[in-house]
>>> print(open('my_file.pdb').read())   # PDB, C-alpha atoms, pLDDT in the B column
ATOM      1  CA  MET R   1      25.362  16.670 -22.730  1.00 48.00           C
ATOM      2  CA  ASN R   2      25.504  18.706 -19.516  1.00 46.00           C
ATOM      3  CA  ASP R   3      28.764  18.028 -17.703  1.00 43.00           C
ATOM      4  CA  THR R   4      27.745  19.913 -14.567  1.00 42.00           C
ATOM      5  CA  PHE R   5      26.095  18.058 -11.775  1.00 42.00           C
ATOM      6  CA  GLY R   6      26.318  20.261  -8.691  1.00 43.00           C
ATOM      7  CA  ASP R   7      26.835  19.616  -4.999  1.00 45.00           C
ATOM      8  CA  GLN R   8      23.139  18.956  -4.450  1.00 46.00           C
ATOM      9  CA  PHE R   9      23.653  15.351  -5.489  1.00 50.00           C
ATOM     10  CA  ASN R  10      26.882  14.720  -3.596  1.00 50.00           C
ATOM     11  CA  THR R  11      26.539  11.083  -2.574  1.00 51.00           C
ATOM     12  CA  THR R  12      28.240  11.607   0.764  1.00 47.00           C
ATOM     13  CA  ALA R  13      27.245  13.770   3.704  1.00 43.00           C
ATOM     14  CA  SER R  14      28.944  17.077   4.382  1.00 40.00           C
ATOM     15  CA  ALA R  15      32.174  17.103   6.323  1.00 38.00           C
ATOM     16  CA  GLY R  16      31.715  16.896  10.061  1.00 42.00           C
ATOM     17  CA  GLN R  17      28.388  15.108   9.876  1.00 47.00           C
ATOM     18  CA  ALA R  18      28.563  11.696  11.477  1.00 45.00           C
ATOM     19  CA  GLN R  19      26.256   9.422   9.527  1.00 48.00           C
ATOM     20  CA  PRO R  20      25.080   5.941  10.519  1.00 48.00           C
ATOM     21  CA  GLU R  21      26.130   3.545   7.789  1.00 49.00           C
ATOM     22  CA  GLN R  22      23.272   1.235   6.932  1.00 51.00           C
ATOM     23  CA  LYS R  23      22.840  -1.466   4.354  1.00 51.00           C
ATOM     24  CA  SER R  24      19.848  -0.937   2.112  1.00 48.00           C
ATOM     25  CA  GLU R  25      17.806  -3.831   0.846  1.00 49.00           C
ATOM     26  CA  GLY R  26      16.634  -1.900  -2.221  1.00 61.00           C
ATOM     27  CA  ILE R  27      17.989  -0.736  -5.555  1.00 79.00           C
ATOM     28  CA  VAL R  28      18.851   2.940  -5.855  1.00 85.00           C
ATOM     29  CA  PRO R  29      18.139   4.935  -9.066  1.00 89.00           C
ATOM     30  CA  VAL R  30      21.098   7.156  -9.998  1.00 92.00           C
ATOM     31  CA  PHE R  31      22.575   9.412 -12.657  1.00 94.00           C
ATOM     32  CA  VAL R  32      25.859   8.461 -14.337  1.00 94.00           C
ATOM     33  CA  GLN R  33      27.874  11.193 -12.642  1.00 92.00           C
ATOM     34  CA  GLN R  34      26.795   9.982  -9.206  1.00 90.00           C
ATOM     35  CA  VAL R  35      28.407   6.642 -10.032  1.00 90.00           C
ATOM     36  CA  MET R  36      31.529   8.238 -11.489  1.00 89.00           C
ATOM     37  CA  CYS R  37      32.010  10.375  -8.358  1.00 86.00           C
ATOM     38  CA  ALA R  38      31.374   7.523  -5.939  1.00 80.00           C
ATOM     39  CA  GLU R  39      34.160   5.816  -4.036  1.00 73.00           C
ATOM     40  CA  GLU R  40      35.252   2.329  -4.989  1.00 66.00           C
ATOM     41  CA  GLY R  41      32.972  -0.417  -3.727  1.00 65.00           C
ATOM     42  CA  ASN R  42      29.242  -0.433  -3.135  1.00 73.00           C
ATOM     43  CA  PHE R  43      27.383   2.773  -3.925  1.00 81.00           C
ATOM     44  CA  GLN R  44      26.861   4.975  -0.870  1.00 80.00           C
ATOM     45  CA  MET R  45      24.547   7.943  -0.400  1.00 76.00           C
ATOM     46  CA  TRP R  46      24.201   9.833   2.881  1.00 71.00           C
ATOM     47  CA  GLY R  47      25.403   6.915   4.985  1.00 73.00           C
ATOM     48  CA  MET R  48      23.326   4.313   3.166  1.00 76.00           C
ATOM     49  CA  THR R  49      24.997   1.519   1.213  1.00 78.00           C
ATOM     50  CA  PHE R  50      23.492  -0.027  -1.921  1.00 80.00           C
ATOM     51  CA  ASN R  51      24.642  -3.159  -3.709  1.00 77.00           C
ATOM     52  CA  MET R  52      22.658  -2.413  -6.862  1.00 83.00           C
ATOM     53  CA  VAL R  53      21.972   0.694  -8.946  1.00 88.00           C
ATOM     54  CA  THR R  54      19.677   1.391 -11.871  1.00 90.00           C
ATOM     55  CA  ILE R  55      20.575   3.871 -14.632  1.00 94.00           C
ATOM     56  CA  VAL R  56      18.622   5.113 -17.645  1.00 95.00           C
ATOM     57  CA  GLY R  57      20.514   6.487 -20.625  1.00 96.00           C
ATOM     58  CA  ILE R  58      21.130   6.379 -24.348  1.00 96.00           C
ATOM     59  CA  VAL R  59      23.184   3.459 -25.685  1.00 97.00           C
ATOM     60  CA  ARG R  60      25.957   5.254 -27.562  1.00 97.00           C
ATOM     61  CA  HIS R  61      28.164   2.273 -28.388  1.00 97.00           C
ATOM     62  CA  MET R  62      27.985  -1.503 -28.257  1.00 96.00           C
ATOM     63  CA  GLU R  63      30.894  -3.960 -28.661  1.00 95.00           C
ATOM     64  CA  THR R  64      30.534  -7.736 -28.549  1.00 93.00           C
ATOM     65  CA  SER R  65      33.231 -10.274 -27.678  1.00 91.00           C
ATOM     66  CA  SER R  66      33.075 -14.010 -27.062  1.00 88.00           C
ATOM     67  CA  THR R  67      32.329 -13.573 -23.344  1.00 89.00           C
ATOM     68  CA  LYS R  68      30.613 -10.218 -22.904  1.00 91.00           C
ATOM     69  CA  ILE R  69      28.951  -7.195 -24.487  1.00 94.00           C
ATOM     70  CA  THR R  70      30.297  -3.767 -23.560  1.00 95.00           C
ATOM     71  CA  TYR R  71      27.868  -0.855 -23.727  1.00 97.00           C
ATOM     72  CA  THR R  72      28.557   2.866 -23.453  1.00 97.00           C
ATOM     73  CA  LEU R  73      25.586   4.445 -21.718  1.00 97.00           C
ATOM     74  CA  GLU R  74      25.042   8.206 -21.635  1.00 96.00           C
ATOM     75  CA  ASP R  75      22.644  10.409 -19.709  1.00 95.00           C
ATOM     76  CA  HIS R  76      22.628  14.202 -19.253  1.00 93.00           C
ATOM     77  CA  THR R  77      25.425  13.984 -16.663  1.00 93.00           C
ATOM     78  CA  GLY R  78      28.018  11.800 -18.395  1.00 94.00           C
ATOM     79  CA  GLN R  79      28.969   8.448 -19.912  1.00 95.00           C
ATOM     80  CA  ILE R  80      29.829   5.107 -18.356  1.00 96.00           C
ATOM     81  CA  GLU R  81      30.766   1.659 -19.632  1.00 95.00           C
ATOM     82  CA  ALA R  82      28.595  -1.277 -18.651  1.00 95.00           C
ATOM     83  CA  HIS R  83      29.365  -4.972 -19.190  1.00 93.00           C
ATOM     84  CA  TYR R  84      26.863  -7.734 -19.821  1.00 92.00           C
ATOM     85  CA  TRP R  85      28.431 -11.178 -19.419  1.00 87.00           C
ATOM     86  CA  LEU R  86      27.100 -13.797 -21.811  1.00 86.00           C
ATOM     87  CA  GLU R  87      25.746 -17.057 -20.423  1.00 78.00           C
ATOM     88  CA  GLU R  88      27.962 -20.080 -21.066  1.00 73.00           C
ATOM     89  CA  ASP R  89      25.013 -22.296 -21.920  1.00 71.00           C
ATOM     90  CA  ASN R  90      23.294 -19.643 -24.064  1.00 71.00           C
ATOM     91  CA  PRO R  91      25.875 -17.186 -25.470  1.00 68.00           C
ATOM     92  CA  SER R  92      23.433 -15.880 -28.088  1.00 71.00           C
ATOM     93  CA  LYS R  93      21.115 -14.468 -25.418  1.00 79.00           C
ATOM     94  CA  SER R  94      21.625 -10.724 -25.020  1.00 86.00           C
ATOM     95  CA  PRO R  95      19.588  -7.621 -24.114  1.00 90.00           C
ATOM     96  CA  ASP R  96      17.204  -6.398 -26.806  1.00 90.00           C
ATOM     97  CA  VAL R  97      18.545  -2.850 -27.096  1.00 94.00           C
ATOM     98  CA  MET R  98      19.743  -0.659 -29.979  1.00 95.00           C
ATOM     99  CA  VAL R  99      22.421   2.008 -30.355  1.00 96.00           C
ATOM    100  CA  ASN R 100      21.142   5.599 -29.974  1.00 96.00           C
ATOM    101  CA  CYS R 101      18.048   4.387 -28.121  1.00 95.00           C
ATOM    102  CA  TYR R 102      17.208   4.689 -24.428  1.00 95.00           C
ATOM    103  CA  ALA R 103      17.716   1.710 -22.152  1.00 95.00           C
ATOM    104  CA  ARG R 104      17.571   0.922 -18.450  1.00 94.00           C
ATOM    105  CA  ILE R 105      20.181  -1.172 -16.703  1.00 94.00           C
ATOM    106  CA  TYR R 106      20.306  -2.832 -13.288  1.00 89.00           C
ATOM    107  CA  GLY R 107      23.750  -3.723 -12.048  1.00 87.00           C
ATOM    108  CA  SER R 108      26.529  -3.454  -9.505  1.00 86.00           C
ATOM    109  CA  LEU R 109      29.534  -1.141  -9.517  1.00 87.00           C
ATOM    110  CA  ARG R 110      32.941  -2.413 -10.558  1.00 86.00           C
ATOM    111  CA  GLN R 111      36.413  -0.979 -11.163  1.00 81.00           C
ATOM    112  CA  HIS R 112      37.919  -2.008 -14.523  1.00 74.00           C
ATOM    113  CA  SER R 113      41.337  -0.766 -15.703  1.00 77.00           C
ATOM    114  CA  GLY R 114      41.073   2.141 -13.293  1.00 80.00           C
ATOM    115  CA  LYS R 115      37.614   3.166 -14.546  1.00 87.00           C
ATOM    116  CA  LYS R 116      34.209   2.907 -12.935  1.00 90.00           C
ATOM    117  CA  THR R 117      31.976   0.427 -14.739  1.00 92.00           C
ATOM    118  CA  VAL R 118      28.681  -1.325 -14.138  1.00 92.00           C
ATOM    119  CA  MET R 119      28.266  -5.089 -14.293  1.00 89.00           C
ATOM    120  CA  ILE R 120      24.828  -5.502 -15.862  1.00 90.00           C
ATOM    121  CA  PHE R 121      22.440  -8.046 -14.472  1.00 85.00           C
ATOM    122  CA  ARG R 122      19.384  -6.852 -16.379  1.00 86.00           C
ATOM    123  CA  MET R 123      18.985  -4.466 -19.332  1.00 91.00           C
ATOM    124  CA  PHE R 124      16.034  -3.533 -21.513  1.00 90.00           C
ATOM    125  CA  SER R 125      14.769  -0.771 -23.816  1.00 93.00           C
ATOM    126  CA  LEU R 126      12.386   1.886 -22.548  1.00 91.00           C
ATOM    127  CA  SER R 127       8.827   1.524 -23.743  1.00 85.00           C
ATOM    128  CA  GLY R 128       8.135   5.256 -23.752  1.00 86.00           C
ATOM    129  CA  ALA R 129       9.186   8.735 -22.649  1.00 86.00           C
ATOM    130  CA  ASN R 130       7.263   8.400 -19.398  1.00 88.00           C
ATOM    131  CA  GLU R 131       9.817   5.861 -18.152  1.00 88.00           C
ATOM    132  CA  LEU R 132      12.612   8.424 -18.586  1.00 90.00           C
ATOM    133  CA  THR R 133      10.637  11.066 -16.704  1.00 90.00           C
ATOM    134  CA  THR R 134       9.845   8.568 -13.962  1.00 88.00           C
ATOM    135  CA  HIS R 135      13.535   7.685 -13.580  1.00 89.00           C
ATOM    136  CA  LEU R 136      14.504  11.352 -13.235  1.00 91.00           C
ATOM    137  CA  LEU R 137      11.922  11.821 -10.489  1.00 89.00           C
ATOM    138  CA  GLU R 138      13.015   8.617  -8.764  1.00 87.00           C
ATOM    139  CA  VAL R 139      16.640   9.814  -8.640  1.00 89.00           C
ATOM    140  CA  TYR R 140      15.648  13.085  -6.974  1.00 86.00           C
ATOM    141  CA  THR R 141      13.275  11.322  -4.595  1.00 84.00           C
ATOM    142  CA  ALA R 142      15.895   8.733  -3.588  1.00 80.00           C
ATOM    143  CA  ARG R 143      18.488  11.417  -2.888  1.00 79.00           C
ATOM    144  CA  TYR R 144      16.225  13.530  -0.686  1.00 78.00           C
ATOM    145  CA  LYS R 145      14.761  10.516   1.089  1.00 75.00           C
ATOM    146  CA  ALA R 146      18.275   9.274   1.919  1.00 71.00           C
ATOM    147  CA  GLU R 147      19.250  12.719   3.210  1.00 72.00           C
ATOM    148  CA  ARG R 148      16.134  12.961   5.356  1.00 73.00           C
ATOM    149  CA  LEU R 149      16.610   9.478   6.816  1.00 66.00           C
ATOM    150  CA  SER R 150      20.284  10.173   7.550  1.00 63.00           C
ATOM    151  CA  GLN R 151      19.287  13.062   9.806  1.00 64.00           C
ATOM    152  CA  LYS R 152      17.357  10.760  12.118  1.00 59.00           C
ATOM    153  CA  ARG R 153      18.899   9.186  15.194  1.00 43.00           C
ATOM    154  CA  PRO R 154      20.786   5.938  14.399  1.00 46.00           C
ATOM    155  CA  SER R 155      18.145   3.947  16.281  1.00 42.00           C
ATOM    156  CA  ASP R 156      15.470   5.414  14.016  1.00 42.00           C
ATOM    157  CA  PHE R 157      17.429   4.973  10.799  1.00 39.00           C
ATOM    158  CA  MET R 158      15.678   2.551   8.456  1.00 40.00           C
ATOM    159  CA  PRO R 159      16.846   1.348   5.019  1.00 43.00           C
ATOM    160  CA  MET R 160      15.137   2.783   1.947  1.00 43.00           C
ATOM    161  CA  HIS R 161      12.555   0.551   0.290  1.00 42.00           C
ATOM    162  CA  GLN R 162      12.421  -1.625   3.409  1.00 40.00           C
ATOM    163  CA  GLU R 163       8.666  -1.662   3.163  1.00 38.00           C
ATOM    164  CA  HIS R 164       9.053  -3.420  -0.193  1.00 40.00           C
ATOM    165  CA  THR R 165      12.026  -5.675   0.460  1.00 40.00           C
ATOM    166  CA  ASP R 166      11.928  -7.011   4.005  1.00 43.00           C
ATOM    167  CA  ASN R 167      13.882 -10.150   3.242  1.00 43.00           C
ATOM    168  CA  SER R 168      13.492 -11.467   6.772  1.00 47.00           C
ATOM    169  CA  ASN R 169       9.945 -12.292   5.702  1.00 44.00           C
ATOM    170  CA  THR R 170       9.408 -14.409   2.596  1.00 58.00           C
ATOM    171  CA  ALA R 171       5.649 -13.774   2.547  1.00 60.00           C
ATOM    172  CA  GLY R 172       4.487 -13.241  -1.003  1.00 79.00           C
ATOM    173  CA  LEU R 173       7.171 -15.455  -2.558  1.00 84.00           C
ATOM    174  CA  THR R 174       6.244 -18.652  -4.340  1.00 88.00           C
ATOM    175  CA  PRO R 175       7.639 -21.955  -2.980  1.00 88.00           C
ATOM    176  CA  HIS R 176      10.258 -22.041  -5.744  1.00 90.00           C
ATOM    177  CA  GLN R 177      11.266 -18.420  -5.114  1.00 90.00           C
ATOM    178  CA  SER R 178      11.575 -19.126  -1.387  1.00 89.00           C
ATOM    179  CA  ALA R 179      13.706 -22.199  -2.087  1.00 90.00           C
ATOM    180  CA  VAL R 180      16.102 -20.207  -4.289  1.00 91.00           C
ATOM    181  CA  LEU R 181      16.371 -17.434  -1.699  1.00 90.00           C
ATOM    182  CA  GLN R 182      17.092 -19.928   1.080  1.00 88.00           C
ATOM    183  CA  ALA R 183      19.774 -21.643  -1.028  1.00 89.00           C
ATOM    184  CA  ILE R 184      21.460 -18.273  -1.557  1.00 89.00           C
ATOM    185  CA  ARG R 185      21.225 -17.405   2.151  1.00 87.00           C
ATOM    186  CA  ASN R 186      23.006 -20.651   2.988  1.00 85.00           C
ATOM    187  CA  TYR R 187      26.162 -19.151   1.428  1.00 83.00           C
ATOM    188  CA  MET R 188      26.123 -15.827   3.301  1.00 78.00           C
ATOM    189  CA  ASP R 189      29.312 -16.744   5.178  1.00 76.00           C
ATOM    190  CA  THR R 190      31.285 -16.836   1.909  1.00 77.00           C
ATOM    191  CA  GLU R 191      32.683 -13.857   0.022  1.00 75.00           C
ATOM    192  CA  SER R 192      31.508 -14.948  -3.415  1.00 79.00           C
ATOM    193  CA  GLY R 193      28.133 -16.464  -2.488  1.00 85.00           C
ATOM    194  CA  ILE R 194      26.532 -19.297  -4.420  1.00 88.00           C
ATOM    195  CA  SER R 195      27.068 -19.805  -8.140  1.00 88.00           C
ATOM    196  CA  MET R 196      24.397 -20.426 -10.744  1.00 89.00           C
ATOM    197  CA  THR R 197      25.904 -23.879 -11.330  1.00 89.00           C
ATOM    198  CA  GLN R 198      25.525 -24.716  -7.642  1.00 90.00           C
ATOM    199  CA  LEU R 199      21.933 -23.470  -7.676  1.00 92.00           C
ATOM    200  CA  HIS R 200      21.164 -25.707 -10.661  1.00 89.00           C
ATOM    201  CA  LYS R 201      22.592 -28.720  -8.826  1.00 89.00           C
ATOM    202  CA  SER R 202      20.947 -28.101  -5.458  1.00 88.00           C
ATOM    203  CA  LEU R 203      17.586 -27.128  -6.997  1.00 90.00           C
ATOM    204  CA  SER R 204      17.507 -29.564  -9.902  1.00 89.00           C
ATOM    205  CA  TYR R 205      13.716 -29.836  -9.671  1.00 90.00           C
ATOM    206  CA  ILE R 206      13.405 -26.192 -10.817  1.00 90.00           C
ATOM    207  CA  PRO R 207      13.736 -25.850 -14.632  1.00 90.00           C
ATOM    208  CA  GLY R 208      16.688 -23.774 -15.785  1.00 88.00           C
ATOM    209  CA  ASN R 209      14.579 -21.077 -17.451  1.00 89.00           C
ATOM    210  CA  GLU R 210      12.421 -20.690 -14.363  1.00 91.00           C
ATOM    211  CA  LEU R 211      15.497 -20.485 -12.145  1.00 92.00           C
ATOM    212  CA  ARG R 212      16.861 -17.635 -14.278  1.00 89.00           C
ATOM    213  CA  GLU R 213      13.522 -15.819 -14.039  1.00 90.00           C
ATOM    214  CA  ILE R 214      13.468 -16.221 -10.255  1.00 91.00           C
ATOM    215  CA  ILE R 215      17.017 -14.885  -9.936  1.00 90.00           C
ATOM    216  CA  GLU R 216      16.117 -11.889 -12.125  1.00 86.00           C
ATOM    217  CA  PHE R 217      13.037 -11.217 -10.002  1.00 87.00           C
ATOM    218  CA  LEU R 218      14.941 -11.398  -6.703  1.00 87.00           C
ATOM    219  CA  VAL R 219      17.660  -9.069  -8.011  1.00 82.00           C
ATOM    220  CA  THR R 220      15.131  -6.564  -9.341  1.00 78.00           C
ATOM    221  CA  GLU R 221      13.366  -6.582  -5.971  1.00 77.00           C
ATOM    222  CA  GLY R 222      16.672  -5.915  -4.214  1.00 76.00           C
ATOM    223  CA  ILE R 223      16.479  -9.159  -2.234  1.00 83.00           C
ATOM    224  CA  ILE R 224      19.701 -10.583  -3.697  1.00 84.00           C
ATOM    225  CA  TYR R 225      22.635  -9.150  -5.656  1.00 80.00           C
ATOM    226  CA  THR R 226      25.527 -10.332  -7.797  1.00 78.00           C
ATOM    227  CA  SER R 227      28.914 -10.670  -6.106  1.00 75.00           C
ATOM    228  CA  ILE R 228      32.184 -11.499  -7.910  1.00 73.00           C
ATOM    229  CA  ASP R 229      30.494 -11.850 -11.307  1.00 74.00           C
ATOM    230  CA  ALA R 230      27.056 -12.159 -12.895  1.00 76.00           C
ATOM    231  CA  GLU R 231      26.875 -15.873 -12.011  1.00 82.00           C
ATOM    232  CA  HIS R 232      27.384 -15.604  -8.225  1.00 83.00           C
ATOM    233  CA  PHE R 233      24.785 -14.315  -5.776  1.00 84.00           C
ATOM    234  CA  LEU R 234      24.457 -13.132  -2.193  1.00 82.00           C
ATOM    235  CA  SER R 235      21.414 -12.144  -0.163  1.00 82.00           C
ATOM    236  CA  THR R 236      20.993  -8.566   1.087  1.00 72.00           C
TER     237      THR R 236
END
>>> encode(input="my_file.pdb", output="structure tokens")
Amino acid sequence: MNDTFGDQFNTTASAGQAQPEQKSEGIVPVFVQQVMCAEEGNFQMWGMTFNMVTIVGIVRHMETSSTKITYTLEDHTGQIEAHYWLEEDNPSKSPDVMVNCYARIYGSLRQHSGKKTVMIFRMFSLSGANELTTHLLEVYTARYKAERLSQKRPSDFMPMHQEHTDNSNTAGLTPHQSAVLQAIRNYMDTESGISMTQLHKSLSYIPGNELREIIEFLVTEGIIYTSIDAEHFLST
């Protein structure tokens, strides 16, 4: 494992550079060390703020308790712990991954016992080596795109992936997906957002399995994100 990372992937701008802080509506691909070096809170890179990150690495360790599964994920820059919280109504459901195999996670940054961790929303095994290569290229592309955008005037500064995740326009979403998104937006004035239990109650006409699939889709697209835990959601 290479412990060196270099200044070229410093997630903040150089000293003296005033950067417009913008909220991205996308998910940013990162290396482990970028997360470990980031400040507490949402991940920031060159003045852009991201609520969700995606990491690809080897699952080095897996520990299961009654409420969660803790994974140790390693890439060429370091190791990080990631937590997958088990569903109360389906505690046997867990990601289909194996130790010493590559996996991709989507999640949000957390601080646990003084250590940086990731709260996993979605996790799955890689289907081939091409996915690893693609992730490496995506990390480099995201970093340089963020740096380039940060050098524009604040009025010209646009969030990354906006062309894919303009959540002011629900075109392309199914009626059920639009209903879920609107229900989540109704709780934007709260810190924790809406819970999965509340979504079930307010959208009782949507089957539970379908609701879970819609939530997973909206998170993956960067339209919503988890807040205080894996069962509460806010809109970007």
>>> resolve_selection(input="my_file.pdb", expression="the PyMOL selection byres ((chain R and resi 81-90) around 6)", output="list in words")
Thr67, Lys68, Ile69, Thr70, Tyr71, Thr72, Ile80, Pro91, Ser92, Lys93, Thr117, Val118, Met119 and Ile120 of chain R
>>> closest_residue(input="my_file.pdb", among="R:Asn186, R:Ile27, R:Thr174, R:Lys116", to="Met48 in chain R", atoms="all atoms listed in the file")
R:Ile27
>>> resolve_selection(input="my_file.pdb", expression="the PyMOL selection byres ((chain R and resi 56) around 8)", output="PyMOL selection string")
chain R and resi 31+54-55+57-58+75+102-105+132+135
>>> atom_distance(input="my_file.pdb", atom1="CA of Ser235 in chain R", atom2="CA of Gly114 in chain R")
27.6 Å
>>> atom_distance(input="my_file.pdb", atom1="CA of Ser195 in chain R", atom2="CA of Ser94 in chain R")
19.9 Å
>>> closest_residue(input="my_file.pdb", among="R:Val30, R:Val35, R:Leu73, R:Leu109", to="Val97 in chain R", atoms="all atoms listed in the file")
R:Leu73
>>> atom_distance(input="my_file.pdb", atom1="CA of Gln34 in chain R", atom2="CA of Arg143 in chain R")
10.5 Å
>>> closest_residue(input="my_file.pdb", among="R:Gly193, R:Gly78, R:Pro175, R:Gly208", to="Gln33 in chain R", atoms="all atoms listed in the file")
R:Gly78
>>> closest_residue(input="my_file.pdb", among="R:Ser127, R:Thr226, R:Gln79, R:Thr190", to="Lys115 in chain R", atoms="all atoms listed in the file")
R:Gln79
>>> residues_around(input="my_file.pdb", residues="Gln177 in chain R", least_positions_apart="6", cutoff="10 Å", atoms="all atoms listed in the file", output="list in words")
Thr170, Ala183, Ile206, Glu210, Leu211, Glu213, Ile214, Ile215, Phe217 and Leu218 of chain R
>>> resolve_selection(input="my_file.pdb", expression="the PyMOL selection byres ((chain R and resi 28) around 8)", output="ChimeraX atom specification")
/R:26-27,29-30,50,52-54,139,142
>>> axis_aligned_box(input="my_file.pdb", around="range 208-221 of chain R", padding_each_side="5 Å", output="JSON")
{"center_x": 15.0, "center_y": -15.2, "center_z": -11.7, "size_x": 15.2, "size_y": 27.2, "size_z": 21.5}
>>> closest_residue(input="my_file.pdb", among="R:Val59, R:Leu173, R:Met188, R:Val180", to="Phe124 in chain R", atoms="all atoms listed in the file")
R:Val59
>>> closest_residue(input="my_file.pdb", among="R:Asn209, R:Tyr144, R:Cys101, R:Arg60", to="Met45 in chain R", atoms="only C-alpha atoms")
R:Tyr144
